[in-house]
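A.B. asks: The structure file protein_25.txt (compact mmCIF, C-alpha atoms) is provided below.
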# COMPACT_ATOMS: atom_id res chain seq x y z
CA MET O 1 -18.98 -6.26 -11.11
CA THR O 2 -15.87 -5.48 -13.16
CA LEU O 3 -13.97 -7.86 -15.43
CA TYR O 4 -11.19 -8.80 -13.03
CA GLN O 5 -13.05 -8.54 -9.71
CA PRO O 6 -13.89 -12.29 -9.77
CA PHE O 7 -10.16 -13.04 -10.20
CA LEU O 8 -9.27 -10.95 -7.16
CA ASP O 9 -12.16 -12.35 -5.11
CA TYR O 10 -11.09 -15.90 -5.96
CA ALA O 11 -7.45 -15.18 -5.12
CA ILE O 12 -8.26 -13.66 -1.73
CA ALA O 13 -10.73 -16.44 -0.82
CA THR O 14 -8.19 -19.10 -1.84
CA LEU O 15 -5.39 -17.43 0.11
CA GLU O 16 -7.60 -17.18 3.19
CA GLU O 17 -8.56 -20.83 2.86
CA ARG O 18 -5.07 -22.22 2.33
CA LEU O 19 -2.77 -19.85 4.23
CA ASP O 20 -2.50 -18.21 7.61
CA LEU O 21 -2.65 -14.61 6.40
CA GLU O 22 -1.53 -11.53 8.26
CA PRO O 23 -2.13 -7.90 7.22
CA TYR O 24 0.56 -6.21 5.16
CA PRO O 25 0.68 -2.43 5.58
CA ILE O 26 -0.54 -0.37 2.64
CA PRO O 27 0.96 3.13 2.86
CA GLU O 28 -1.48 5.93 3.40
CA GLY O 29 -3.05 7.23 0.21
CA PHE O 30 -2.70 3.97 -1.72
CA GLU O 31 -5.64 1.87 -0.52
CA ARG O 32 -8.01 3.76 -2.79
CA LYS O 33 -7.48 6.47 -5.42
CA GLU O 34 -10.10 7.93 -7.72
CA GLU O 35 -9.89 10.29 -10.68
CA VAL O 36 -12.32 11.47 -13.36
CA THR O 37 -10.94 11.40 -16.90
CA GLY O 38 -12.28 12.41 -20.31
CA LYS O 39 -14.98 14.88 -21.21
CA GLY O 40 -18.67 14.71 -22.03
CA LYS O 41 -19.87 11.25 -23.00
CA ARG O 42 -16.33 9.93 -22.70
CA GLN O 43 -16.03 10.97 -19.09
CA GLU O 44 -15.12 8.03 -16.85
CA THR O 45 -14.27 7.61 -13.20
CA VAL O 46 -11.10 5.54 -12.77
CA LEU O 47 -10.77 3.79 -9.41
CA THR O 48 -7.54 2.16 -8.23
CA THR O 49 -7.68 -0.03 -5.13
CA SER O 50 -4.93 -1.98 -3.40
CA TYR O 51 -4.88 -5.24 -1.44
CA ALA O 52 -2.01 -6.65 0.61
CA SER O 53 -1.29 -9.46 3.05
CA LYS O 54 1.63 -11.69 4.07
CA THR O 55 2.47 -15.05 5.64
CA ALA O 56 5.48 -16.61 7.31
CA LYS O 57 6.81 -17.74 3.90
CA LEU O 58 5.46 -14.94 1.70
CA ARG O 59 6.85 -11.47 2.30
CA GLN O 60 4.14 -9.64 0.38
CA ILE O 61 0.98 -10.72 -1.43
CA ARG O 62 -0.45 -7.71 -3.18
CA ALA O 63 -2.83 -6.52 -5.83
CA ALA O 64 -3.43 -3.29 -7.71
CA HIS O 65 -6.90 -3.21 -9.26
CA VAL O 66 -7.79 -0.47 -11.75
CA GLN O 67 -11.43 -0.07 -12.80
CA GLY O 68 -12.16 2.50 -15.48
CA GLY O 69 -15.03 1.25 -17.60
CA LYS O 70 -15.03 -1.24 -20.47
CA SER O 71 -11.82 0.07 -22.03
CA LEU O 72 -9.68 0.17 -18.88
CA GLN O 73 -9.58 -2.80 -16.53
CA VAL O 74 -6.34 -3.93 -14.90
CA LEU O 75 -5.45 -6.42 -12.18
CA ASN O 76 -1.79 -6.73 -11.24
CA PHE O 77 -1.53 -9.55 -8.69
CA VAL O 78 1.94 -10.55 -7.44
CA ILE O 79 3.28 -12.74 -4.63
CA PHE O 80 6.80 -12.07 -3.33
CA PRO O 81 8.30 -14.88 -1.20
CA GLU O 82 10.43 -14.22 1.84
CA PRO O 83 14.07 -14.16 0.70
CA ASN O 84 14.96 -17.21 2.82
CA TYR O 85 12.95 -19.40 0.42
CA ASP O 86 13.91 -20.23 -3.16
CA LEU O 87 10.28 -19.97 -4.31
CA PRO O 88 9.54 -18.24 -7.61
CA PHE O 89 7.30 -15.18 -7.71
CA PHE O 90 3.66 -15.56 -8.68
CA GLY O 91 2.72 -12.98 -11.28
CA GLY O 92 -0.66 -12.27 -12.82
CA ASP O 93 -0.95 -9.27 -15.14
CA LEU O 94 -4.49 -9.02 -16.48
CA VAL O 95 -4.96 -5.96 -18.65
CA THR O 96 -7.84 -4.68 -20.78
CA LEU O 97 -7.22 -1.52 -22.82
CA PRO O 98 -9.00 0.02 -25.82
CA GLY O 99 -6.81 -2.15 -28.07
CA GLY O 100 -7.81 -5.42 -26.42
CA HIS O 101 -6.82 -7.85 -23.66
CA LEU O 102 -3.23 -8.59 -22.58
CA ILE O 103 -2.80 -11.55 -20.22
CA ALA O 104 0.44 -12.70 -18.56
CA ILE O 105 0.44 -15.43 -15.88
CA ASP O 106 3.57 -17.14 -14.61
CA MET O 107 5.58 -18.44 -11.72
CA GLN O 108 8.51 -16.19 -12.38
CA PRO O 109 11.81 -17.94 -11.61
CA LEU O 110 14.66 -16.70 -9.50
CA PHE O 111 17.08 -18.71 -11.62
CA GLN O 112 17.09 -20.27 -15.09
CA ASP O 113 19.32 -23.30 -14.41
CA ALA O 114 18.14 -26.87 -15.06
CA LYS O 115 17.91 -27.80 -11.37
CA TYR O 116 15.62 -24.88 -10.60
CA GLN O 117 13.43 -25.60 -13.64
CA GLU O 118 13.19 -29.25 -12.64
CA LYS O 119 11.89 -28.17 -9.24
CA TYR O 120 9.52 -25.36 -10.18
CA THR O 121 8.77 -25.43 -13.92
CA LYS O 122 8.48 -29.10 -14.81
CA PRO O 123 5.57 -29.75 -12.40
CA ILE O 124 3.46 -26.95 -13.93
CA LEU O 125 4.20 -27.58 -17.62
CA PRO O 126 1.08 -29.81 -17.92
CA ILE O 127 -1.02 -26.86 -16.67
CA PHE O 128 0.62 -24.59 -19.24
CA THR O 129 0.02 -27.10 -22.05
CA LYS O 130 -3.61 -27.57 -21.02
CA HIS O 131 -4.41 -23.85 -21.15
CA GLN O 132 -2.25 -22.99 -24.16
CA GLU O 133 -4.63 -25.07 -26.27
CA HIS O 134 -7.30 -22.40 -25.74
CA LEU O 135 -5.07 -19.35 -25.29
CA GLU O 136 -2.79 -18.55 -28.23
CA TRP O 137 0.74 -17.31 -27.63
CA GLY O 138 0.71 -13.51 -27.41
CA GLY O 139 3.78 -12.95 -29.60
CA ASP O 140 7.21 -11.50 -28.96
CA PHE O 141 8.08 -9.70 -25.76
CA PRO O 142 11.27 -7.81 -24.83
CA GLU O 143 14.43 -9.92 -24.84
CA GLU O 144 15.63 -8.26 -21.64
CA ALA O 145 12.47 -9.52 -19.90
CA GLN O 146 12.88 -13.14 -20.93
CA GLN O 147 15.21 -14.00 -18.06
CA PHE O 148 12.37 -13.26 -15.64
CA PHE O 149 9.87 -15.71 -17.13
CA SER O 150 9.62 -19.49 -17.03
CA PRO O 151 8.99 -21.96 -19.89
CA ALA O 152 5.43 -22.19 -18.45
CA PHE O 153 4.78 -18.48 -19.05
CA LEU O 154 1.19 -18.06 -20.21
CA TRP O 155 1.18 -14.98 -22.43
CA THR O 156 -1.88 -14.36 -24.58
CA ARG O 157 -4.02 -11.67 -26.23
CA PRO O 158 -7.55 -13.09 -26.32
CA GLN O 159 -9.98 -11.41 -28.70
CA ALA O 160 -13.19 -12.11 -26.81
CA THR O 161 -14.01 -10.85 -23.34
CA GLU O 162 -15.82 -14.15 -22.77
CA THR O 163 -12.49 -15.94 -23.19
CA VAL O 164 -11.06 -13.84 -20.37
CA GLU O 165 -14.06 -14.58 -18.17
CA THR O 166 -13.79 -18.33 -18.76
CA LYS O 167 -10.50 -19.71 -20.16
CA VAL O 168 -8.20 -17.09 -18.62
CA PHE O 169 -9.99 -17.35 -15.28
CA GLU O 170 -9.52 -21.14 -15.24
CA ALA O 171 -5.82 -20.73 -16.01
CA PHE O 172 -5.43 -18.14 -13.25
CA LYS O 173 -7.05 -20.53 -10.76
CA ASP O 174 -4.85 -23.47 -11.77
CA TYR O 175 -1.62 -21.48 -11.62
CA LEU O 176 -2.47 -19.99 -8.23
CA GLN O 177 -3.40 -23.35 -6.71
CA ALA O 178 -0.18 -24.91 -8.06
CA TYR O 179 1.83 -22.03 -6.65
CA LEU O 180 0.29 -22.49 -3.23
CA ASP O 181 1.22 -26.19 -3.42
CA PHE O 182 4.84 -25.08 -3.85
CA VAL O 183 4.48 -22.73 -0.89
CA GLU O 184 3.17 -25.50 1.33
CA GLN O 185 6.13 -27.71 0.45
CA ALA O 186 8.79 -25.00 0.69
CA GLU O 187 11.54 -25.37 3.27
CA PRO O 188 13.66 -22.43 4.44
CA VAL O 189 17.16 -22.00 3.06
CA THR O 190 19.91 -21.72 5.68
CA ASP O 191 23.10 -21.67 3.61
CA LYS O 192 24.44 -18.10 3.76
CA GLN O 193 25.81 -18.07 0.22
CA GLN O 194 22.54 -19.40 -1.19
CA LEU O 195 20.57 -16.84 0.84
CA GLU O 196 22.65 -14.03 -0.65
CA THR O 197 22.13 -15.44 -4.16
CA ILE O 198 18.35 -15.58 -3.61
CA LEU O 199 18.24 -12.02 -2.30
CA GLN O 200 20.22 -10.71 -5.26
CA ALA O 201 17.91 -12.56 -7.68
CA GLN O 202 14.87 -11.03 -5.98
CA ARG O 203 16.43 -7.58 -6.17
CA ARG O 204 17.18 -7.98 -9.90
CA TYR O 205 13.60 -8.94 -10.62
CA ILE O 206 12.02 -6.22 -8.50
CA ASP O 207 14.36 -3.54 -9.81
CA TYR O 208 13.49 -4.55 -13.37
CA ARG O 209 9.75 -4.53 -12.67
CA ALA O 210 9.88 -1.18 -10.87
CA THR O 211 11.98 0.42 -13.62
CA LYS O 212 9.96 -0.98 -16.53
CA ASP O 213 6.49 -0.95 -14.96
CA PRO O 214 4.13 -0.63 -17.95
CA ALA O 215 1.48 0.99 -15.73
CA ARG O 216 3.73 3.99 -14.96
CA GLY O 217 2.43 6.07 -17.88
CA MET O 218 -1.21 5.30 -17.09
CA PHE O 219 -0.85 6.08 -13.39
CA THR O 220 1.10 9.26 -14.12
CA ARG O 221 -1.62 10.53 -16.45
CA LEU O 222 -4.29 9.71 -13.88
CA TYR O 223 -2.71 10.64 -10.56
CA GLY O 224 0.51 12.51 -11.28
CA SER O 225 4.19 11.56 -11.20
CA GLU O 226 4.78 11.96 -7.45
CA TRP O 227 1.94 9.63 -6.45
CA THR O 228 2.90 7.13 -9.16
CA GLU O 229 6.59 6.83 -8.24
CA GLU O 230 5.77 6.44 -4.56
CA TYR O 231 3.11 3.82 -5.36
CA ILE O 232 5.60 1.84 -7.47
CA HIS O 233 8.57 2.03 -5.10
CA GLY O 234 6.75 2.34 -1.79
CA PHE O 235 4.14 -0.37 -2.32
CA LEU O 236 4.10 -2.34 -5.58
CA PHE O 237 7.83 -3.14 -5.60
CA ASP O 238 8.98 -2.17 -2.12
CA LEU O 239 11.80 -4.66 -1.43
CA GLU O 240 14.54 -2.02 -1.42
CA ARG O 241 12.58 -0.01 1.16
CA LYS O 242 12.12 -3.12 3.33
CA LEU O 243 15.70 -4.43 3.07
CA PRO O 244 16.96 -2.83 6.31
CA GLN O 245 14.20 -4.62 8.23
CA LEU O 246 14.88 -7.92 6.50
CA THR O 247 18.62 -7.65 7.14
CA ALA O 248 18.00 -6.89 10.80
CA ILE O 249 15.75 -9.97 11.15
CA SER O 250 18.25 -12.29 9.49
Reformat the file's structure so that it appears as structure tokens.

C.D. replies:
Amino acid sequence: MTLYQPFLDYAIATLEERLDLEPYPIPEGFERKEEVTGKGKRQETVLTTSYASKTAKLRQIRAAHVQGGKSLQVLNFVIFPEPNYDLPFFGGDLVTLPGGHLIAIDMQPLFQDAKYQEKYTKPILPIFTKHQEHLEWGGDFPEEAQQFFSPAFLWTRPQATETVETKVFEAFKDYLQAYLDFVEQAEPVTDKQQLETILQAQRRYIDYRATKDPARGMFTRLYGSEWTEEYIHGFLFDLERKLPQLTAIS
């Protein structure tokens, strides 16, 4: 069992319990990728696996899970809503590197205005406050990224692995359940101008994430540039590739 496998298992079980899931295609070559790194006693097999599904309201639910021993464990779990809903994104970045643990969990907003925050941030602030007591603020992060996070952004660098296994896991569960509550309540948007605004907001977020993906360097070292760029643009952040289909449906 690896550090973040319980998180992924919980997420999939919860999604299956609460939603009517359908398969989401994972391009060939991305379901599983393995590479041996290091030499001698430092040799380690790094395994990257992918998960994906979708629902009527959620365009893509996907995970990238990297398992490379004690010093390399990563789970990137993101939910992208269909662009005819004003739902935020669900983002869970759970990272363990030689330097320690980096944890980022949020319902990442499409917009930063007061009306949107009243709808999607205010209800989860008590969850944020509850978990922030045990999970210290992780410090500054890039100013250009701040527009993509909510006031309930849980960003922390826990020292102990046990904290990840307990306190971070509880936070992940609470945020995911609250997000699925929003999904259940969500009603489709029909106003054409609002639909265009939502789509542009989704594109801004996904373009930023694809351009600034912090895993790019790691994946490039492990699997090469060609595989990495296709994984990022063809699976992890694939909205631009899917836009013609979405436009045709609408």

A.B. asks: Smallest atom-to-atom distance to His233 of chain O: which of O:Tyr10, O:Phe30, O:Phe128, O:Phe149, using all atoms listed in the file?

C.D. replies: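 Answer, going by the shortest atom-to-atom distance: O:Phe30.
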
A.B. asks: Work out how far apart atom CA of Leu15 of chain O and atom CA of Asp213 of chain O are and give it in Å to one decimal.

C.D. replies: 25.3 Å

A.B. asks: Work out how far apart atom CA of Ile198 of chain O and atom CA of Phe111 of chain O are and give it in Å to one decimal.

C.D. replies: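 The value is 8.7 Å.
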
A.B. asks: List the neighbours of Pro188 of chain O out to 12 Å using all atoms listed in the file; skip same-chain residues closer than 4 positions along the sequence, and give me the result as a list of chain:residue names.

C.D. replies: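 So the residues in contact are O:Ala56, O:Lys57, O:Leu58, O:Pro81, O:Glu82, O:Pro83, O:Asn84, O:Tyr85, O:Asp86, O:Leu87, O:Val183, O:Glu184, O:Lys192, O:Gln194, O:Leu195, O:Ile198.
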
A.B. asks: Okay, now the selection with C-alpha atoms, as a PDB file, keeping the file's coordinate frame?

C.D. replies:
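out22.pdb, freshly written:
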ATOM      1  CA  ALA O  56       5.480 -16.610   7.310  1.00  0.00           C
ATOM      2  CA  LYS O  57       6.810 -17.740   3.900  1.00  0.00           C
ATOM      3  CA  LEU O  58       5.460 -14.940   1.700  1.00  0.00           C
ATOM      4  CA  PRO O  81       8.300 -14.880  -1.200  1.00  0.00           C
ATOM      5  CA  GLU O  82      10.430 -14.220   1.840  1.00  0.00           C
ATOM      6  CA  PRO O  83      14.070 -14.160   0.700  1.00  0.00           C
ATOM      7  CA  ASN O  84      14.960 -17.210   2.820  1.00  0.00           C
ATOM      8  CA  TYR O  85      12.950 -19.400   0.420  1.00  0.00           C
ATOM      9  CA  ASP O  86      13.910 -20.230  -3.160  1.00  0.00           C
ATOM     10  CA  LEU O  87      10.280 -19.970  -4.310  1.00  0.00           C
ATOM     11  CA  VAL O 183       4.480 -22.730  -0.890  1.00  0.00           C
ATOM     12  CA  GLU O 184       3.170 -25.500   1.330  1.00  0.00           C
ATOM     13  CA  LYS O 192      24.440 -18.100   3.760  1.00  0.00           C
ATOM     14  CA  GLN O 194      22.540 -19.400  -1.190  1.00  0.00           C
ATOM     15  CA  LEU O 195      20.570 -16.840   0.840  1.00  0.00           C
ATOM     16  CA  ILE O 198      18.350 -15.580  -3.610  1.00  0.00           C
TER      17      ILE O 198
END

A.B. asks: May I ask for the distance between atom CA of Thr220 of chain O and atom CA of Phe148 of chain O, given in Å to one decimal place?

C.D. replies: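 Answer for the atom CA of Thr220 of chain O to atom CA of Phe148 of chain O separation: 25.2 Å.
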
A.B. asks: Show me the residues close to (10.6, -3.8, -1.2) - anything with an atom within 10 Å, counting only C-alpha atoms - and format the list as a PyMOL selection string.

C.D. replies: chain O and resi 59-60+80+202-203+206-207+232-244+246

A.B. asks: Pick from O:Phe153, O:Tyr205, O:Tyr51, O:Phe7: nearest to Ile124 of chain O, with only C-alpha atoms counted?

C.D. replies: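 Closest to Ile124 of chain O of all the choices is O:Phe153.
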
A.B. asks: Pro25 of chain O: which residues within 9 Å, counting all atoms listed in the file, same-chain residues fewer than 3 positions away excluded, as a tab-separated table (two decimals) with C-alpha atoms, keeping the file's coordinate frame?

C.D. replies:
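Result file follows (out_27.tsv):
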chain	number	residue	atom	x	y	z
O	28	GLU	CA	-1.48	5.93	3.40
O	52	ALA	CA	-2.01	-6.65	0.61
O	53	SER	CA	-1.29	-9.46	3.05
O	235	PHE	CA	4.14	-0.37	-2.32

A.B. asks: So which one's closest to Ala114 of chain O, O:Thr228, O:Gln132, O:Ser150, O:Gln245? Using only C-alpha atoms, please.

C.D. replies: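 Ranked by minimum distance to Ala114 of chain O, first place goes to O:Ser150.
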
A.B. asks: Under the rule that only C-alpha atoms are counted, which of O:Glu165, O:Glu144, O:Glu118, O:Asp181 is the nearest residue to Ile103 of chain O?

C.D. replies: O:Glu165
